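What follows is my_file14.csv (CSV, C-alpha atoms and all ligand atoms).
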chain,number,residue,atom,x,y,z
A,7,MET,CA,-122.2,-27.5,13.3
A,8,LEU,CA,-124.6,-30.1,14.9
A,9,ASP,CA,-126.0,-29.0,18.2
A,10,LEU,CA,-125.4,-32.4,19.9
A,11,ALA,CA,-127.2,-31.5,23.1
A,12,SER,CA,-130.5,-30.7,21.2
A,13,VAL,CA,-130.0,-33.7,19.0
A,14,ARG,CA,-129.7,-36.0,22.1
A,15,ALA,CA,-132.8,-34.5,23.6
A,16,VAL,CA,-134.9,-35.1,20.5
A,17,LEU,CA,-133.5,-38.6,20.0
A,18,ALA,CA,-134.1,-39.6,23.7
A,19,ASN,CA,-137.7,-38.4,23.4
A,20,THR,CA,-138.4,-40.2,20.2
A,21,TYR,CA,-136.6,-43.6,20.4
A,22,ASP,CA,-136.0,-46.1,23.1
A,23,LEU,CA,-132.3,-45.7,23.6
A,24,THR,CA,-132.0,-47.2,27.1
A,25,PRO,CA,-129.6,-50.1,27.2
A,26,SER,CA,-131.3,-53.4,28.1
A,27,TRP,CA,-130.7,-57.2,28.0
A,28,ASP,CA,-133.5,-57.5,25.4
A,29,LYS,CA,-131.8,-55.2,23.0
A,30,VAL,CA,-128.5,-57.0,23.5
A,31,GLU,CA,-130.3,-60.3,22.8
A,32,ALA,CA,-132.0,-58.8,19.7
A,33,THR,CA,-128.6,-57.8,18.2
A,34,LYS,CA,-126.6,-60.9,19.3
A,35,ASP,CA,-126.0,-62.1,15.7
A,36,LEU,CA,-124.5,-58.7,14.8
A,37,TYR,CA,-122.4,-58.6,18.0
A,38,ALA,CA,-120.9,-62.0,17.0
A,39,LEU,CA,-119.3,-60.2,14.0
A,40,ALA,CA,-117.4,-57.8,16.3
A,41,ASP,CA,-117.0,-59.5,19.7
A,42,ARG,CA,-113.3,-59.6,19.4
A,43,VAL,CA,-113.0,-55.9,19.4
A,44,ILE,CA,-116.1,-54.5,21.2
A,45,SER,CA,-116.6,-55.3,24.9
A,46,PRO,CA,-120.1,-56.5,26.1
A,47,PRO,CA,-120.7,-53.3,28.1
A,48,ASP,CA,-119.9,-51.2,25.0
A,49,TRP,CA,-122.1,-53.3,22.8
A,50,ALA,CA,-125.0,-52.8,25.4
A,51,LEU,CA,-124.7,-49.1,24.7
A,52,HIS,CA,-124.6,-49.5,20.9
A,53,ALA,CA,-127.5,-52.0,20.7
A,54,PRO,CA,-130.4,-49.5,21.2
A,55,TYR,CA,-129.0,-47.2,18.4
A,56,ILE,CA,-128.4,-50.1,16.1
A,57,LEU,CA,-132.0,-51.3,16.5
A,58,ALA,CA,-133.4,-47.8,16.1
A,59,ILE,CA,-131.3,-47.1,13.0
A,60,ASN,CA,-132.2,-50.4,11.3
A,61,ALA,CA,-135.9,-49.9,11.9
A,62,LEU,CA,-135.7,-46.3,10.6
A,63,LYS,CA,-133.8,-47.5,7.5
A,64,ARG,CA,-136.8,-49.7,6.6
A,65,GLU,CA,-139.3,-46.9,7.3
A,66,ARG,CA,-137.3,-44.5,5.1
A,67,ASN,CA,-136.4,-47.0,2.4
A,68,ALA,CA,-132.7,-46.2,3.0
A,69,VAL,CA,-129.5,-48.0,2.7
A,70,ILE,CA,-126.2,-47.3,4.5
A,71,LEU,CA,-123.0,-47.4,2.5
A,72,ALA,CA,-120.0,-47.6,4.9
A,73,HIS,CA,-116.3,-47.2,4.3
A,74,ASN,CA,-113.9,-49.7,5.7
A,75,TYR,CA,-112.7,-47.0,8.2
A,76,MET,CA,-116.0,-46.7,10.0
A,77,THR,CA,-116.0,-48.0,13.6
A,78,PRO,CA,-117.0,-51.7,14.1
A,79,GLU,CA,-120.4,-50.9,15.5
A,80,ILE,CA,-121.3,-49.0,12.3
A,81,TYR,CA,-119.5,-51.4,10.0
A,82,HIS,CA,-121.1,-54.5,11.5
A,83,GLY,CA,-124.2,-53.1,13.1
A,84,VAL,CA,-126.0,-50.9,10.5
A,85,ALA,CA,-124.1,-51.0,7.2
A,86,ASP,CA,-125.9,-52.5,4.1
A,87,ALA,CA,-122.7,-52.4,2.1
A,88,VAL,CA,-119.1,-51.9,3.2
A,89,GLY,CA,-115.9,-51.5,1.1
A,90,ASP,CA,-113.2,-49.4,-0.2
A,91,SER,CA,-113.8,-46.2,-2.3
A,92,LEU,CA,-114.1,-48.1,-5.6
A,93,GLN,CA,-116.5,-50.7,-4.2
A,94,LEU,CA,-118.7,-48.0,-2.6
A,95,ALA,CA,-118.8,-46.0,-5.8
A,96,ILE,CA,-119.8,-49.1,-7.8
A,97,LYS,CA,-122.4,-49.9,-5.1
A,98,ALA,CA,-123.8,-46.4,-5.3
A,99,THR,CA,-124.6,-46.9,-9.0
A,100,GLN,CA,-126.7,-50.0,-8.0
A,101,VAL,CA,-128.8,-48.6,-5.2
A,102,ASP,CA,-132.5,-48.5,-5.9
A,103,ALA,CA,-133.6,-47.5,-2.4
A,104,ASP,CA,-134.8,-43.9,-2.0
A,105,VAL,CA,-132.1,-42.8,0.4
A,106,ILE,CA,-128.4,-43.4,0.7
A,107,VAL,CA,-126.8,-42.6,4.0
A,108,GLN,CA,-123.1,-42.3,3.3
A,109,CYS,CA,-121.0,-43.4,6.3
A,110,GLY,CA,-117.7,-42.1,5.2
A,111,VAL,CA,-116.4,-38.7,4.3
A,112,HIS,CA,-118.0,-35.9,2.2
A,113,PHE,CA,-116.3,-36.7,-1.1
A,114,MET,CA,-117.7,-40.2,-0.9
A,115,ALA,CA,-121.3,-38.8,-0.4
A,116,GLU,CA,-120.7,-36.5,-3.4
A,117,THR,CA,-119.6,-39.5,-5.5
A,118,SER,CA,-122.7,-41.4,-4.6
A,119,LYS,CA,-124.9,-38.4,-5.5
A,120,ILE,CA,-123.0,-37.9,-8.8
A,121,LEU,CA,-123.5,-41.6,-9.7
A,122,ASN,CA,-127.1,-41.9,-8.6
A,123,PRO,CA,-128.5,-38.4,-8.8
A,124,SER,CA,-132.2,-39.3,-8.3
A,125,ARG,CA,-131.5,-40.7,-4.8
A,126,THR,CA,-131.5,-38.6,-1.6
A,127,VAL,CA,-127.9,-38.8,-0.3
A,128,LEU,CA,-127.3,-38.0,3.4
A,129,ILE,CA,-124.1,-37.5,5.3
A,130,PRO,CA,-124.5,-37.8,9.1
A,131,ASP,CA,-121.9,-35.1,9.7
A,132,VAL,CA,-121.2,-32.6,7.0
A,133,GLU,CA,-117.9,-31.7,8.6
A,134,ALA,CA,-116.5,-35.2,7.7
A,135,GLY,CA,-113.9,-33.8,5.3
A,136,CYS,CA,-110.6,-35.1,4.0
A,137,SER,CA,-107.1,-33.4,3.9
A,138,LEU,CA,-106.6,-34.6,0.3
A,139,ALA,CA,-110.0,-33.4,-0.9
A,140,SER,CA,-109.4,-29.9,0.6
A,141,SER,CA,-105.8,-29.7,-0.8
A,142,ILE,CA,-106.9,-28.8,-4.4
A,143,THR,CA,-109.6,-26.9,-6.3
A,144,ALA,CA,-110.4,-26.7,-10.0
A,145,ALA,CA,-107.9,-23.8,-10.3
A,146,GLY,CA,-105.2,-26.3,-9.2
A,147,ILE,CA,-106.1,-28.6,-12.0
A,148,ALA,CA,-105.9,-25.7,-14.5
A,149,GLU,CA,-102.5,-24.8,-13.1
A,150,MET,CA,-101.3,-28.4,-13.6
A,151,ARG,CA,-102.7,-28.5,-17.2
A,152,ALA,CA,-100.9,-25.2,-18.0
A,153,LYS,CA,-97.6,-26.6,-16.6
A,154,TYR,CA,-97.9,-29.9,-18.5
A,155,PRO,CA,-99.8,-29.1,-21.7
A,156,GLY,CA,-101.7,-32.1,-23.2
A,157,ALA,CA,-101.0,-34.4,-20.3
A,158,PRO,CA,-104.2,-36.2,-19.0
A,159,VAL,CA,-105.3,-35.5,-15.5
A,160,VAL,CA,-106.0,-38.5,-13.3
A,161,SER,CA,-107.6,-37.4,-10.0
A,162,TYR,CA,-108.0,-39.5,-7.0
A,163,VAL,CA,-111.6,-40.0,-5.9
A,164,ASN,CA,-110.6,-38.2,-2.7
A,165,THR,CA,-111.5,-34.9,-4.4
A,166,THR,CA,-114.5,-32.6,-4.6
A,167,ALA,CA,-117.1,-32.8,-7.4
A,168,GLU,CA,-115.7,-29.6,-8.9
A,169,VAL,CA,-112.2,-31.2,-9.1
A,170,LYS,CA,-113.5,-34.4,-10.6
A,171,ALA,CA,-115.4,-32.3,-13.2
A,172,ALA,CA,-112.1,-30.6,-14.2
A,173,SER,CA,-110.3,-34.0,-14.5
A,174,ASP,CA,-110.1,-36.4,-17.4
A,175,ILE,CA,-110.6,-39.5,-15.3
A,176,CYS,CA,-110.6,-40.6,-11.6
A,177,CYS,CA,-108.8,-43.3,-9.9
A,178,THR,CA,-108.9,-45.0,-6.5
A,179,SER,CA,-106.1,-46.7,-4.5
A,180,ALA,CA,-107.3,-50.0,-6.0
A,181,ASN,CA,-106.8,-49.1,-9.6
A,182,ALA,CA,-104.4,-46.1,-9.8
A,183,LEU,CA,-101.6,-47.9,-11.5
A,184,GLN,CA,-103.8,-49.5,-14.1
A,185,ILE,CA,-105.6,-46.2,-14.9
A,186,VAL,CA,-102.3,-44.3,-15.2
A,187,GLU,CA,-100.9,-47.0,-17.5
A,188,ALA,CA,-104.0,-46.8,-19.7
A,189,MET,CA,-103.6,-43.1,-20.4
A,190,GLU,CA,-102.3,-41.9,-23.7
A,191,GLY,CA,-99.0,-40.0,-23.9
A,192,ASP,CA,-95.8,-40.2,-21.9
A,193,THR,CA,-96.7,-37.8,-19.1
A,194,VAL,CA,-99.7,-38.2,-16.7
A,195,ILE,CA,-100.8,-35.7,-14.1
A,196,MET,CA,-101.9,-37.2,-10.8
A,197,THR,CA,-103.8,-35.2,-8.2
A,198,PRO,CA,-104.0,-34.6,-5.3
A,199,ASP,CA,-102.0,-37.2,-3.4
A,200,GLN,CA,-98.3,-36.8,-3.9
A,201,TYR,CA,-97.5,-40.1,-2.2
A,202,LEU,CA,-100.0,-42.2,-4.2
A,203,ALA,CA,-98.6,-40.6,-7.3
A,204,GLN,CA,-95.0,-41.4,-6.3
A,205,ASN,CA,-95.9,-45.0,-5.4
A,206,VAL,CA,-97.6,-45.3,-8.8
A,207,ALA,CA,-94.6,-43.6,-10.6
A,208,ALA,CA,-92.2,-46.2,-9.0
A,209,GLN,CA,-94.1,-49.0,-10.9
A,210,SER,CA,-95.3,-47.1,-14.0
A,211,SER,CA,-93.8,-46.8,-17.5
A,212,LYS,CA,-95.1,-43.2,-17.6
A,213,ARG,CA,-93.6,-40.0,-16.4
A,214,VAL,CA,-96.0,-39.2,-13.5
A,215,VAL,CA,-96.2,-35.6,-12.2
A,216,TRP,CA,-98.2,-34.7,-9.1
A,217,TRP,CA,-99.9,-32.2,-6.9
A,218,GLU,CA,-98.5,-31.8,-3.4
A,219,GLY,CA,-101.5,-33.0,-1.3
A,220,SER,CA,-101.3,-35.7,1.4
A,221,CYS,CA,-103.4,-37.7,3.7
A,222,ILE,CA,-102.9,-36.5,7.3
A,223,VAL,CA,-103.4,-40.1,8.6
A,224,HIS,CA,-101.0,-42.1,6.4
A,225,GLU,CA,-98.2,-39.5,6.2
A,226,LEU,CA,-97.7,-39.9,9.9
A,227,TYR,CA,-96.1,-43.3,9.5
A,228,THR,CA,-92.4,-43.4,9.1
A,229,ALA,CA,-90.1,-46.1,7.8
A,230,ALA,CA,-88.0,-45.9,10.9
A,231,ASP,CA,-91.0,-46.8,13.1
A,232,LEU,CA,-91.8,-49.8,10.9
A,233,ARG,CA,-88.2,-51.0,11.0
A,234,ALA,CA,-88.2,-50.7,14.8
A,235,TYR,CA,-91.5,-52.6,15.0
A,236,ARG,CA,-90.1,-55.4,12.8
A,237,ALA,CA,-86.9,-55.6,14.8
A,238,ASP,CA,-89.1,-56.2,17.9
A,239,GLN,CA,-91.6,-58.6,16.2
A,240,PRO,CA,-89.7,-60.3,13.3
A,241,GLU,CA,-92.7,-62.4,12.3
A,242,VAL,CA,-94.9,-59.4,11.6
A,243,LYS,CA,-96.2,-58.8,8.1
A,244,ILE,CA,-96.4,-55.1,7.4
A,245,ILE,CA,-99.3,-54.1,5.2
A,246,ALA,CA,-99.4,-50.5,3.9
A,247,HIS,CA,-101.9,-48.3,2.2
A,248,PRO,CA,-100.5,-46.5,-0.9
A,249,GLU,CA,-101.3,-43.1,0.6
A,250,CYS,CA,-98.2,-43.7,2.8
A,251,THR,CA,-94.8,-42.3,1.7
A,252,PRO,CA,-92.7,-44.4,-0.7
A,253,GLU,CA,-90.2,-45.0,2.2
A,254,VAL,CA,-93.0,-46.6,4.2
A,255,VAL,CA,-94.2,-48.6,1.2
A,256,ALA,CA,-90.7,-49.9,0.7
A,257,GLU,CA,-90.8,-51.4,4.2
A,258,ALA,CA,-94.1,-53.1,3.6
A,259,ASP,CA,-94.7,-56.8,2.7
A,260,PHE,CA,-97.8,-55.7,0.8
A,261,THR,CA,-99.3,-52.4,-0.3
A,262,GLY,CA,-103.0,-52.1,-1.4
A,263,SER,CA,-106.3,-50.4,-1.1
A,264,THR,CA,-108.3,-51.1,2.1
A,265,SER,CA,-110.1,-54.0,0.3
A,266,GLY,CA,-106.8,-55.1,-1.3
A,267,ILE,CA,-105.4,-55.4,2.2
A,268,LEU,CA,-108.4,-57.6,3.3
A,269,ASP,CA,-108.0,-59.9,0.3
A,270,TRP,CA,-104.2,-60.2,0.9
A,271,LEU,CA,-104.8,-61.1,4.6
A,272,HIS,CA,-107.4,-63.8,3.6
A,273,GLN,CA,-105.0,-65.2,1.1
A,274,HIS,CA,-101.8,-65.2,3.4
A,275,LYS,CA,-103.3,-65.4,6.9
A,276,PRO,CA,-100.1,-64.2,8.6
A,277,LYS,CA,-99.7,-64.9,12.4
A,278,GLN,CA,-99.2,-61.2,13.1
A,279,ALA,CA,-100.0,-58.2,10.9
A,280,MET,CA,-99.5,-54.5,11.3
A,281,LEU,CA,-101.9,-52.5,9.1
A,282,VAL,CA,-100.3,-49.2,8.2
A,283,THR,CA,-103.6,-47.4,7.8
A,284,GLU,CA,-106.6,-46.1,9.7
A,285,CYS,CA,-107.3,-47.8,13.1
A,286,SER,CA,-110.8,-49.2,12.3
A,287,MET,CA,-109.6,-51.2,9.4
A,288,ALA,CA,-108.0,-53.9,11.6
A,289,ALA,CA,-110.8,-53.7,14.1
A,290,ASN,CA,-113.5,-54.3,11.4
A,291,ILE,CA,-111.8,-57.5,10.1
A,292,ALA,CA,-110.5,-58.9,13.3
A,293,ASP,CA,-113.4,-61.3,13.8
A,294,GLU,CA,-113.3,-62.7,10.3
A,295,LEU,CA,-109.6,-63.4,10.6
A,296,PRO,CA,-109.3,-65.0,14.1
A,297,GLU,CA,-105.9,-66.6,13.3
A,298,VAL,CA,-104.3,-63.1,12.7
A,299,ASP,CA,-103.0,-61.1,15.7
A,300,PHE,CA,-103.3,-57.5,14.7
A,301,ALA,CA,-100.5,-55.2,16.0
A,302,LYS,CA,-102.0,-52.2,17.8
A,303,PRO,CA,-100.1,-49.2,16.5
A,304,CYS,CA,-102.4,-47.2,14.1
A,305,ASN,CA,-103.5,-43.7,13.3
A,306,MET,CA,-107.0,-42.4,13.4
A,307,CYS,CA,-108.7,-40.3,10.8
A,308,PRO,CA,-110.5,-37.4,12.6
A,309,TYR,CA,-112.8,-36.9,9.7
A,310,MET,CA,-114.0,-40.5,9.4
A,311,LYS,CA,-114.4,-40.6,13.2
A,312,LYS,CA,-117.0,-37.7,13.0
A,313,ILE,CA,-119.5,-40.4,11.9
A,314,THR,CA,-121.2,-42.0,14.9
A,315,LEU,CA,-124.3,-44.2,15.5
A,316,GLU,CA,-125.9,-41.2,17.2
A,317,LYS,CA,-125.4,-39.0,14.2
A,318,ILE,CA,-126.5,-41.7,11.8
A,319,LEU,CA,-129.8,-42.0,13.8
A,320,TRP,CA,-130.2,-38.2,13.7
A,321,SER,CA,-129.5,-38.1,10.0
A,322,LEU,CA,-132.2,-40.6,9.2
A,323,HIS,CA,-134.6,-39.0,11.7
A,324,SER,CA,-134.2,-35.5,10.4
A,325,MET,CA,-133.2,-36.4,6.8
A,326,THR,CA,-130.1,-34.2,7.1
A,327,THR,CA,-127.6,-33.3,5.8
A,328,GLU,CA,-128.6,-33.8,2.2
A,329,VAL,CA,-125.6,-33.7,-0.2
A,330,THR,CA,-126.2,-32.0,-3.5
A,331,VAL,CA,-124.0,-31.4,-6.5
A,332,GLU,CA,-124.9,-28.7,-9.1
A,333,ALA,CA,-126.2,-30.5,-12.2
A,334,ALA,CA,-123.6,-29.1,-14.6
A,335,VAL,CA,-120.7,-30.0,-12.3
A,336,ALA,CA,-122.2,-33.5,-11.6
A,337,ASP,CA,-122.6,-34.2,-15.3
A,338,LYS,CA,-118.9,-33.6,-15.9
A,339,ALA,CA,-117.7,-35.3,-12.7
A,340,ARG,CA,-119.8,-38.3,-13.6
A,341,LEU,CA,-117.9,-38.7,-16.9
A,342,ALA,CA,-114.6,-38.8,-14.9
A,343,VAL,CA,-115.9,-41.3,-12.3
A,344,GLN,CA,-117.7,-43.5,-14.9
A,345,ARG,CA,-114.7,-43.6,-17.1
A,346,MET,CA,-112.7,-45.0,-14.2
A,347,ILE,CA,-115.4,-47.6,-13.4
A,348,ASP,CA,-115.7,-48.7,-17.0
A,349,LEU,CA,-111.9,-48.9,-17.5
A,350,SER,CA,-111.5,-50.8,-14.2
A,351,ARG,CA,-114.1,-53.3,-15.3
A,352,ARG,CA,-112.5,-53.7,-18.8
A,353,LEU,CA,-109.0,-54.2,-17.3
A,354,ALA,CA,-110.3,-56.7,-14.8
A,355,ALA,CA,-112.1,-58.8,-17.5
B,1,LIG,P1,-109.5,-46.9,-0.1
B,1,LIG,O1,-110.1,-46.6,-1.4
B,1,LIG,O2,-108.4,-47.8,-0.1
B,1,LIG,O3,-110.6,-47.5,0.8
B,1,LIG,O4,-109.0,-45.6,0.7
B,1,LIG,C1,-109.6,-44.4,0.5
B,1,LIG,C2,-109.3,-43.6,1.6
B,1,LIG,O5,-108.3,-43.0,1.8
B,1,LIG,C3,-110.3,-43.4,2.6
B,1,LIG,O6,-110.0,-42.3,3.3
B,2,LIG,FE1,-108.8,-38.3,3.8
B,2,LIG,FE2,-106.8,-39.6,4.9
B,2,LIG,FE3,-109.0,-39.4,6.3
B,2,LIG,FE4,-108.9,-41.0,4.1
B,2,LIG,S1,-107.8,-41.3,5.9
B,2,LIG,S2,-110.6,-39.5,4.6
B,2,LIG,S3,-107.5,-39.8,2.8
B,2,LIG,S4,-107.7,-37.7,5.7

How does the structure come out when it is put into structure tokens?
Amino acid sequence: MLDLASVRAVLANTYDLTPSWDKVEATKDLYALADRVISPPDWALHAPYILAINALKRERNAVILAHNYMTPEIYHGVADAVGDSLQLAIKATQVDADVIVQCGVHFMAETSKILNPSRTVLIPDVEAGCSLASSITAAGIAEMRAKYPGAPVVSYVNTTAEVKAASDICCTSANALQIVEAMEGDTVIMTPDQYLAQNVAAQSSKRVVWWEGSCIVHELYTAADLRAYRADQPEVKIIAHPECTPEVVAEADFTGSTSGILDWLHQHKPKQAMLVTECSMAANIADELPEVDFAKPCNMCPYMKKITLEKILWSLHSMTTEVTVEAAVADKARLAVQRMIDLSRRLAA
């Protein structure tokens, strides 16, 4: 575990982290991207970290890949690329900088390392896990294969490298249905998210069987809560992530990956929207959609929230924590992820 007191002492001795008007002025273009959701005093505290991180990125020849669930000061202040899991995986294949700092959770950093093994991949907090990734091991995949002989295994990217290596192909929330439909045979095994699998099964021509994992953030939403919210605010558009239960998805006006949600909002520009997903999603896109009033109820991912500006600065300063994947595992896992990327591209063409 990071010793934050020591980290703070080293950072304070090495970088100018004192808030000042000059630093606010130097970051004003970035602040303009998030001023609907970050107050001026809060930005004044973030600005010194943002300046220090962006300078250190240049020194280390590093890029920051940030998931849509990062806080707005990370998303707008220091990220070089933002997106959903599929977009970040594709971006990782294209990075030619020496260092990738993955601002997201551990499986995302592993995916970047698998796809671009010659880069140094850092994660600012190695404890940024995921309830889905920790719900299954390679032994679980073997168990499913024994139960459904011959059925292909489609594993969500929210899995460890070891699980990806034991799977036939990966999927993300952006392409799960298309990947399952493209599999041969009548039965498809989906791991580890039971709700994503059930939501896919509801639209698929295949018999989908699943592992019983779940996302601790999305499973908290209930259909009754959404109905109550809609009864109170009849104009609201409810937009859900497919890691929610099928009952919640049935209440939604649209269901999609985090980037699918953003595209839908740009297309429809509802007066009011409730994003049934992680809290930072709405905060990150509030400024680019000024016409949309975002309803406040949301659930926070404790793993995503482990990543902070302070830890990113420490990560680049100390070049820790490096994420590595054993070569034999990475080679097999790469096949599963690359198959997904190739199939997604072919299906989109
Ligand atoms: P997206 O791929 O839709 O961004 O969601 C992945 C996820 O659950 C991140 O926690
Ligand atoms: Fe995992 Fe859910 Fe957090 Fe995403 S939001 S990292 S699926 S626990």

May I ask which of the residues A:Ser220, A:Ser26, A:Asn205, A:Thr197 is the closest one to ligand LIG 1 (chain B), counting only C-alpha atoms and all ligand atoms? A:Ser220

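With distances taken over all atoms listed in the file, A:Val282 is the one residue among A:Val159, A:Leu8, A:Ala354, A:Val282 lying closest to ligand LIG 2 (chain B).
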
Can you list every residue of chain A that has an atom at most 10 Å from ligand LIG 2 (chain B), with its nearest atom pair and the distance in Å to one decimal, using all atoms listed in the file, ordered by chain then number, as JSON lines?
{"residue": "A:His73", "atom": "CA", "partner": "B:LIG2", "partner_atom": "S2", "distance": 9.6}
{"residue": "A:Tyr75", "atom": "CA", "partner": "B:LIG2", "partner_atom": "S1", "distance": 7.9}
{"residue": "A:Ser91", "atom": "CA", "partner": "B:LIG2", "partner_atom": "FE4", "distance": 9.6}
{"residue": "A:Gly110", "atom": "CA", "partner": "B:LIG2", "partner_atom": "S2", "distance": 7.6}
{"residue": "A:Val111", "atom": "CA", "partner": "B:LIG2", "partner_atom": "S2", "distance": 5.9}
{"residue": "A:His112", "atom": "CA", "partner": "B:LIG2", "partner_atom": "S2", "distance": 8.6}
{"residue": "A:Phe113", "atom": "CA", "partner": "B:LIG2", "partner_atom": "S2", "distance": 8.5}
{"residue": "A:Met114", "atom": "CA", "partner": "B:LIG2", "partner_atom": "S2", "distance": 9.0}
{"residue": "A:Ala134", "atom": "CA", "partner": "B:LIG2", "partner_atom": "S2", "distance": 7.9}
{"residue": "A:Gly135", "atom": "CA", "partner": "B:LIG2", "partner_atom": "S2", "distance": 6.6}
{"residue": "A:Cys136", "atom": "CA", "partner": "B:LIG2", "partner_atom": "FE1", "distance": 3.7}
{"residue": "A:Ser137", "atom": "CA", "partner": "B:LIG2", "partner_atom": "S4", "distance": 4.7}
{"residue": "A:Leu138", "atom": "CA", "partner": "B:LIG2", "partner_atom": "FE1", "distance": 5.5}
{"residue": "A:Ala139", "atom": "CA", "partner": "B:LIG2", "partner_atom": "FE1", "distance": 6.9}
{"residue": "A:Ser140", "atom": "CA", "partner": "B:LIG2", "partner_atom": "FE1", "distance": 9.0}
{"residue": "A:Tyr162", "atom": "CA", "partner": "B:LIG2", "partner_atom": "S3", "distance": 9.8}
{"residue": "A:Val163", "atom": "CA", "partner": "B:LIG2", "partner_atom": "S3", "distance": 9.6}
{"residue": "A:Asn164", "atom": "CA", "partner": "B:LIG2", "partner_atom": "S3", "distance": 6.5}
{"residue": "A:Thr165", "atom": "CA", "partner": "B:LIG2", "partner_atom": "FE1", "distance": 9.3}
{"residue": "A:Asp199", "atom": "CA", "partner": "B:LIG2", "partner_atom": "S3", "distance": 8.7}
{"residue": "A:Gly219", "atom": "CA", "partner": "B:LIG2", "partner_atom": "S3", "distance": 10.0}
{"residue": "A:Ser220", "atom": "CA", "partner": "B:LIG2", "partner_atom": "S3", "distance": 7.6}
{"residue": "A:Cys221", "atom": "CA", "partner": "B:LIG2", "partner_atom": "FE2", "distance": 4.1}
{"residue": "A:Ile222", "atom": "CA", "partner": "B:LIG2", "partner_atom": "S4", "distance": 5.2}
{"residue": "A:Val223", "atom": "CA", "partner": "B:LIG2", "partner_atom": "FE2", "distance": 5.0}
{"residue": "A:His224", "atom": "CA", "partner": "B:LIG2", "partner_atom": "FE2", "distance": 6.5}
{"residue": "A:Glu225", "atom": "CA", "partner": "B:LIG2", "partner_atom": "FE2", "distance": 8.7}
{"residue": "A:His247", "atom": "CA", "partner": "B:LIG2", "partner_atom": "S1", "distance": 9.9}
{"residue": "A:Glu249", "atom": "CA", "partner": "B:LIG2", "partner_atom": "S3", "distance": 7.4}
{"residue": "A:Cys250", "atom": "CA", "partner": "B:LIG2", "partner_atom": "FE2", "distance": 9.8}
{"residue": "A:Thr283", "atom": "CA", "partner": "B:LIG2", "partner_atom": "S1", "distance": 7.6}
{"residue": "A:Glu284", "atom": "CA", "partner": "B:LIG2", "partner_atom": "S1", "distance": 6.2}
{"residue": "A:Cys285", "atom": "CA", "partner": "B:LIG2", "partner_atom": "S1", "distance": 9.7}
{"residue": "A:Asn305", "atom": "CA", "partner": "B:LIG2", "partner_atom": "S1", "distance": 8.9}
{"residue": "A:Met306", "atom": "CA", "partner": "B:LIG2", "partner_atom": "S1", "distance": 7.6}
{"residue": "A:Cys307", "atom": "CA", "partner": "B:LIG2", "partner_atom": "FE3", "distance": 4.6}
{"residue": "A:Pro308", "atom": "CA", "partner": "B:LIG2", "partner_atom": "FE3", "distance": 6.8}
{"residue": "A:Tyr309", "atom": "CA", "partner": "B:LIG2", "partner_atom": "FE3", "distance": 5.7}
{"residue": "A:Met310", "atom": "CA", "partner": "B:LIG2", "partner_atom": "S2", "distance": 6.0}
{"residue": "A:Lys311", "atom": "CA", "partner": "B:LIG2", "partner_atom": "FE3", "distance": 8.8}

Go ahead and save the residues from that selection, with C-alpha atoms, as a JSON list (two decimals), in the frame of the given file.
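Full text of selection30.json as output:
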[["chain", "number", "residue", "atom", "x", "y", "z"],
["A", 73, "HIS", "CA", -116.30, -47.20, 4.30],
["A", 75, "TYR", "CA", -112.70, -47.00, 8.20],
["A", 91, "SER", "CA", -113.80, -46.20, -2.30],
["A", 110, "GLY", "CA", -117.70, -42.10, 5.20],
["A", 111, "VAL", "CA", -116.40, -38.70, 4.30],
["A", 112, "HIS", "CA", -118.00, -35.90, 2.20],
["A", 113, "PHE", "CA", -116.30, -36.70, -1.10],
["A", 114, "MET", "CA", -117.70, -40.20, -0.90],
["A", 134, "ALA", "CA", -116.50, -35.20, 7.70],
["A", 135, "GLY", "CA", -113.90, -33.80, 5.30],
["A", 136, "CYS", "CA", -110.60, -35.10, 4.00],
["A", 137, "SER", "CA", -107.10, -33.40, 3.90],
["A", 138, "LEU", "CA", -106.60, -34.60, 0.30],
["A", 139, "ALA", "CA", -110.00, -33.40, -0.90],
["A", 140, "SER", "CA", -109.40, -29.90, 0.60],
["A", 162, "TYR", "CA", -108.00, -39.50, -7.00],
["A", 163, "VAL", "CA", -111.60, -40.00, -5.90],
["A", 164, "ASN", "CA", -110.60, -38.20, -2.70],
["A", 165, "THR", "CA", -111.50, -34.90, -4.40],
["A", 199, "ASP", "CA", -102.00, -37.20, -3.40],
["A", 219, "GLY", "CA", -101.50, -33.00, -1.30],
["A", 220, "SER", "CA", -101.30, -35.70, 1.40],
["A", 221, "CYS", "CA", -103.40, -37.70, 3.70],
["A", 222, "ILE", "CA", -102.90, -36.50, 7.30],
["A", 223, "VAL", "CA", -103.40, -40.10, 8.60],
["A", 224, "HIS", "CA", -101.00, -42.10, 6.40],
["A", 225, "GLU", "CA", -98.20, -39.50, 6.20],
["A", 247, "HIS", "CA", -101.90, -48.30, 2.20],
["A", 249, "GLU", "CA", -101.30, -43.10, 0.60],
["A", 250, "CYS", "CA", -98.20, -43.70, 2.80],
["A", 283, "THR", "CA", -103.60, -47.40, 7.80],
["A", 284, "GLU", "CA", -106.60, -46.10, 9.70],
["A", 285, "CYS", "CA", -107.30, -47.80, 13.10],
["A", 305, "ASN", "CA", -103.50, -43.70, 13.30],
["A", 306, "MET", "CA", -107.00, -42.40, 13.40],
["A", 307, "CYS", "CA", -108.70, -40.30, 10.80],
["A", 308, "PRO", "CA", -110.50, -37.40, 12.60],
["A", 309, "TYR", "CA", -112.80, -36.90, 9.70],
["A", 310, "MET", "CA", -114.00, -40.50, 9.40],
["A", 311, "LYS", "CA", -114.40, -40.60, 13.20]]

Using all atoms listed in the file, which residues have at least one atom no more than 7 Å from ligand LIG 1 (chain B)? Output them as a PyMOL selection string. chain A and resi 73-74+89-92+164+178-180+247+263-265

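If you look at atom CA of Asp299 of chain A and atom CA of Ala87 of chain A, they are 25.5 Å away from each other.
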